[in-house]
Amino acid sequence: MIVRYAPALTLAFLCSLRTSLPTHAWLPVVPWGSRRPRQRATPTIPGVPWFPSILTLQTTSTPTTTDAPVLSLFNSKTRAKEPFRPVRADTNVVSMYTCGPTVYDFAHVGNFRAFLTYDVLKRVLRYLGYHVTHVCNLTDVDDKIIQRANEQKIDHVQTLTRRYEQHFRDDLQALNIQPACQYPRATEHIDDMMDLIRVLRDKELAYETPDGSWYFRTQAQPRYGTQLVQLNYQEMAQTERGESDDKEHFADFCLWKAFKTGVDRMDAAWESNDIALGRPGWHLECSAMARHFFGDDTIDLHGGGIDLKFPHHENEIAQSEGATGNVFCNCWFHNGFVNMDNEKMSKSLGNFLTLRGACPTPDDVRAYRYLAVSSQYRQALAFTPQAMTAARNAIARMDKIKNQLEECTRVNGASVVDETTDSELPTVARTALENFEVAICDDLSMPRASAALFSLVKAAEGELKRVNKVSDDEVSLDYTGLRRILDAMKQMDQVFGIFYRVPVSEEEETAQEEALVIPDDVVELVERRTAAKEAKDWELADALRSQVTELGYAVKDVKGEDPIVTQL
Ligand SMILES: [Zn+2]
């Protein structure tokens with residue numbers, strides 16, 4: 001097994017201290033400080049009685065900026081980039097609804113791009129001082145769920161859905177995705193869905209077919225098919241297979257599916273005195289749950305994968321606006337696909353990888369997070385071995401420099417900052433942060449934000465290299481400048497969320513720790529060999545390598561990086 005020798009040998013020498021090897025390669029979660037800790041006025045408690053717990057969650061640290069640019073987002077509804085203005089600007093609260101998973105299987109890497117996009121947007125909003133009330137639904141009743149439960153001979157559908165709901169939550173945690181305030185299950189909001197059908201029925205926007213199903217009357221909604229897409233009815237007429245011969249118009253969509261013997265199951269069916277036995281349509285659940293949590297008011301943001309624009313989101317708009325008479329959502333955001341082998345990753349095409357399959361190690365999980373969050377969310381993302389390798393290398397490089405900076409500034413007094421420093425590093429840090437803020441506010445331009453992050457990495461590497469070239473007595477590190485760089489990295493990580501420890505089970509952790517522990521005597525030999533190489537004492541370096549080999553370990557030099565120590 002290859003084990004990267006993680007601590008910075010050069011730093012150990014610079015700081016004249018013997019660093020001990022960490023038992024794992026991941027970093028602890030650090031409560032980031034704020035570069036400019038100016039607080040906005042205490043947010044007014046918004047009138048959202050349905051969310052008492054959210055307020056506690058949301059009023060934690062809000063690293064606001066004094067001069068951050070205005071956030072602009074591409075709005076799928078207007079097809080334009082627009083300044084983001086919350087509906088309830090006086091409360092500083094943003095309402096956000098996003099479409100969640102159908103919990104009958106593991107979510108795949110393509111699915112997680114959507115959840116990572118929600119996460120980046122939410123983190124950006126929080127970075128800018130907003131309080132985000134985020135609701136993400138869980139679809140736990142659906143054709144595929146019933147089919148899977150039947151195939152696996154599962155007695156209760158809920159046994160299947162709860163299992164995959166837990167896997168989904170575990171995967172979100174592994175990816176360091178900040179949780180939504182609510183993850184409502186469709187099956188726990190059937191009453192809300194039935195109520196919505198009744199409201200639509202009373203407005204003559206819903207009708208029942210002879211079998212007991214309910215449909216939305218699209219032709220009674222003048223703007224149907226024009227909000228997020230330009231529906232081509234002629235084309236649709238040719239391709240639409242039709243869910244029921246009893247529909248008034250081929251574009252009408254199902255709100256409620258009547259129970260079909262031999263297909264449906266009684267543990268996934270509901271009825272009331274005016275709605276026949278059956279189950280809700282997928283589109284209905286999102287409108288009903290958004291209405292349950294946000295009321296009839298316009299919500300600020302609604303997101304999902306680009307493939308949800310039509311029919312799902314267009315249908316949500318028709319239902320919600322038909323029922324309330326208000327604009328459903330001000331700003332719609334949609335993320336691009338993840339492609340594998342130049343094809344969209346999807347379960348229906350059969351070319352998909354679950355997060356666990358694609359990312360077997362914690363480092364892989366962090367690499368995927370970085371790959372996804374540093375991409376432009378509206379573009380397709382190519383999931384390739386090369387892209388993952390590049391992301392892994394980027395993470396390793398950032399971990400290394402961050403560890404070095406933390407060690408360095410800790411050893412030399414975290415609070416000692418020389419304000420009179422004439423080095424360029426504080427300017428580099430300030431400029432990088434400004435560029436970062438401009439980038440995140442420009443429709444989440446994360447590739448540019450990533451470039452700003454790497455400008456910090458390069459500056460820090462340059463400073464460590466500069467001092468490493470001469471003896472400690474002559475030149476000392478610019479600790480003030482390095483501290484500024486480290487603070488800026490931490491500030492940016494409030495959005496990137498890449499410096500964290502992936503949770504693992506106790507057994508996995510023990511196995512990993514055992515695999516990564518390198519005996520002290522080997523560490524010492526490796527350090528002495530590195531020092532010998534730096535002193536160009538090749539003979540001694542070779543002799544030390546032989547001693548390492550005799551102890552059962554091999555040392556592999558990596559240009560510009562710490563050596564890799566492997567067990568023979
Ligand atoms: Zn939805």
# chains A, B, ... in the order shown; residues from 1 in each chain; ligands from 1
>>> residues_around(residues="Phe74 (chain A)", least_positions_apart="2", cutoff="10 Å", atoms="only C-alpha atoms", output="JSON, numbers by chain")
{"A": [72, 76, 77, 78, 79, 80, 81, 82, 83, 84, 331, 332, 333, 334, 378, 442, 443, 444]}
>>> write_last_selection(atoms="N, CA, C and O atoms", output="tab-separated table (two decimals), in the first residue's frame")
chain	number	residue	atom	x	y	z
A	72	SER	N	-24.82	38.14	-8.45
A	72	SER	CA	-25.70	37.98	-9.61
A	72	SER	C	-25.78	36.50	-9.96
A	72	SER	O	-24.81	35.76	-9.81
A	76	SER	N	-32.91	30.94	-14.82
A	76	SER	CA	-33.41	30.16	-15.97
A	76	SER	C	-34.75	30.70	-16.47
A	76	SER	O	-35.14	30.44	-17.61
A	77	LYS	N	-35.45	31.43	-15.61
A	77	LYS	CA	-36.77	31.93	-16.02
A	77	LYS	C	-36.64	33.11	-16.98
A	77	LYS	O	-37.40	33.23	-17.93
A	78	THR	N	-35.66	33.98	-16.72
A	78	THR	CA	-35.50	35.15	-17.60
A	78	THR	C	-34.40	34.91	-18.63
A	78	THR	O	-34.16	35.74	-19.49
A	79	ARG	N	-33.70	33.79	-18.50
A	79	ARG	CA	-32.57	33.44	-19.37
A	79	ARG	C	-31.51	34.53	-19.33
A	79	ARG	O	-30.88	34.86	-20.33
A	80	ALA	N	-31.31	35.11	-18.18
A	80	ALA	CA	-30.32	36.19	-18.06
A	80	ALA	C	-29.69	36.17	-16.68
A	80	ALA	O	-30.27	35.65	-15.72
A	81	LYS	N	-28.51	36.73	-16.60
A	81	LYS	CA	-27.85	36.90	-15.32
A	81	LYS	C	-28.41	38.17	-14.68
A	81	LYS	O	-28.45	39.22	-15.32
A	82	GLU	N	-28.85	38.04	-13.44
A	82	GLU	CA	-29.51	39.19	-12.79
A	82	GLU	C	-28.97	39.38	-11.38
A	82	GLU	O	-28.58	38.41	-10.74
A	83	PRO	N	-29.02	40.60	-10.88
A	83	PRO	CA	-28.67	40.80	-9.47
A	83	PRO	C	-29.67	40.04	-8.59
A	83	PRO	O	-30.86	40.04	-8.90
A	84	PHE	N	-29.16	39.37	-7.58
A	84	PHE	CA	-30.05	38.61	-6.71
A	84	PHE	C	-30.63	39.53	-5.64
A	84	PHE	O	-29.90	40.18	-4.90
A	331	CYS	N	-36.19	33.17	-8.77
A	331	CYS	CA	-34.96	32.82	-9.49
A	331	CYS	C	-34.78	31.31	-9.54
A	331	CYS	O	-34.72	30.65	-8.50
A	332	TRP	N	-34.72	30.79	-10.75
A	332	TRP	CA	-34.52	29.34	-10.94
A	332	TRP	C	-33.08	29.09	-11.37
A	332	TRP	O	-32.59	29.73	-12.30
A	333	PHE	N	-32.43	28.15	-10.70
A	333	PHE	CA	-31.06	27.81	-11.12
A	333	PHE	C	-30.98	26.32	-11.43
A	333	PHE	O	-31.62	25.50	-10.76
A	334	HIS	N	-30.23	26.02	-12.47
A	334	HIS	CA	-30.12	24.62	-12.93
A	334	HIS	C	-28.67	24.27	-13.21
A	334	HIS	O	-27.97	25.03	-13.86
A	378	ARG	N	-23.14	25.55	-14.41
A	378	ARG	CA	-24.10	25.41	-15.52
A	378	ARG	C	-23.52	24.61	-16.69
A	378	ARG	O	-24.23	24.22	-17.60
A	442	ASP	N	-20.25	36.47	-9.27
A	442	ASP	CA	-20.54	36.50	-10.70
A	442	ASP	C	-21.10	35.13	-11.11
A	442	ASP	O	-20.41	34.32	-11.73
A	443	ASP	N	-22.33	34.86	-10.70
A	443	ASP	CA	-22.99	33.60	-11.03
A	443	ASP	C	-22.14	32.38	-10.62
A	443	ASP	O	-21.99	31.44	-11.39
A	444	LEU	N	-21.60	32.45	-9.43
A	444	LEU	CA	-20.80	31.35	-8.87
A	444	LEU	C	-19.70	30.90	-9.85
A	444	LEU	O	-19.66	29.74	-10.25
>>> residues_near_ligand(ligand="ligand 1", cutoff="10 Å", atoms="only C-alpha atoms and all ligand atoms", output="PyMOL selection string")
chain A and resi 97-101+136-139+282-290+302-305+308-309+312-313+315-316
>>> residues_around(residues="Leu172 (chain A)", least_positions_apart="4", cutoff="12 Å", atoms="only C-alpha atoms", output="PyMOL selection string")
chain A and resi 100-101+106-109+111-116+118-119+165-168+176-180+355-356+365-366+369+502-503
>>> residues_around(residues="Met340 (chain A)", least_positions_apart="2", cutoff="9 Å", atoms="only C-alpha atoms", output="number ranges by chain")
A: 338, 342-345, 351-352, 381-384
>>> residues_around(residues="Ala449 (chain A)", least_positions_apart="5", cutoff="12 Å", atoms="only C-alpha atoms", output="PyMOL selection string")
chain A and resi 120+124+370+373-376+431-444+454-456+489+491-493+495-496
>>> write_last_selection(atoms="C-alpha atoms", output="PDB file, in the first residue's frame")
ATOM      1  CA  VAL A 120     -22.089  26.148  -3.111  1.00  0.00           C
ATOM      2  CA  VAL A 124     -22.064  31.824  -1.033  1.00  0.00           C
ATOM      3  CA  TYR A 370     -13.326  19.848  -5.218  1.00  0.00           C
ATOM      4  CA  VAL A 373     -17.422  22.756  -6.646  1.00  0.00           C
ATOM      5  CA  SER A 374     -14.575  24.284  -8.627  1.00  0.00           C
ATOM      6  CA  SER A 375     -16.449  23.824 -11.901  1.00  0.00           C
ATOM      7  CA  GLN A 376     -18.874  26.250 -13.501  1.00  0.00           C
ATOM      8  CA  THR A 431      -6.102  40.737  -3.879  1.00  0.00           C
ATOM      9  CA  ALA A 432      -6.862  37.014  -3.938  1.00  0.00           C
ATOM     10  CA  LEU A 433      -9.823  37.502  -1.634  1.00  0.00           C
ATOM     11  CA  GLU A 434     -11.134  40.354  -3.722  1.00  0.00           C
ATOM     12  CA  ASN A 435     -10.843  38.247  -6.866  1.00  0.00           C
ATOM     13  CA  PHE A 436     -12.504  35.362  -5.074  1.00  0.00           C
ATOM     14  CA  GLU A 437     -15.450  37.521  -4.001  1.00  0.00           C
ATOM     15  CA  VAL A 438     -15.878  38.985  -7.472  1.00  0.00           C
ATOM     16  CA  ALA A 439     -15.852  35.448  -8.866  1.00  0.00           C
ATOM     17  CA  ILE A 440     -18.373  33.895  -6.466  1.00  0.00           C
ATOM     18  CA  CYS A 441     -20.708  36.852  -6.924  1.00  0.00           C
ATOM     19  CA  ASP A 442     -20.539  36.498 -10.699  1.00  0.00           C
ATOM     20  CA  ASP A 443     -22.991  33.596 -11.029  1.00  0.00           C
ATOM     21  CA  LEU A 444     -20.800  31.350  -8.874  1.00  0.00           C
ATOM     22  CA  PHE A 454      -4.360  28.755  -5.897  1.00  0.00           C
ATOM     23  CA  SER A 455      -2.758  32.184  -6.083  1.00  0.00           C
ATOM     24  CA  LEU A 456      -2.554  31.922  -2.283  1.00  0.00           C
ATOM     25  CA  MET A 489      -7.471  30.301   2.512  1.00  0.00           C
ATOM     26  CA  GLN A 491     -12.084  32.366   4.496  1.00  0.00           C
ATOM     27  CA  MET A 492     -12.392  30.994   0.964  1.00  0.00           C
ATOM     28  CA  ASP A 493     -13.001  27.532   2.362  1.00  0.00           C
ATOM     29  CA  VAL A 495     -17.456  28.396   0.184  1.00  0.00           C
ATOM     30  CA  PHE A 496     -15.205  25.611  -1.113  1.00  0.00           C
TER      31      PHE A 496
END
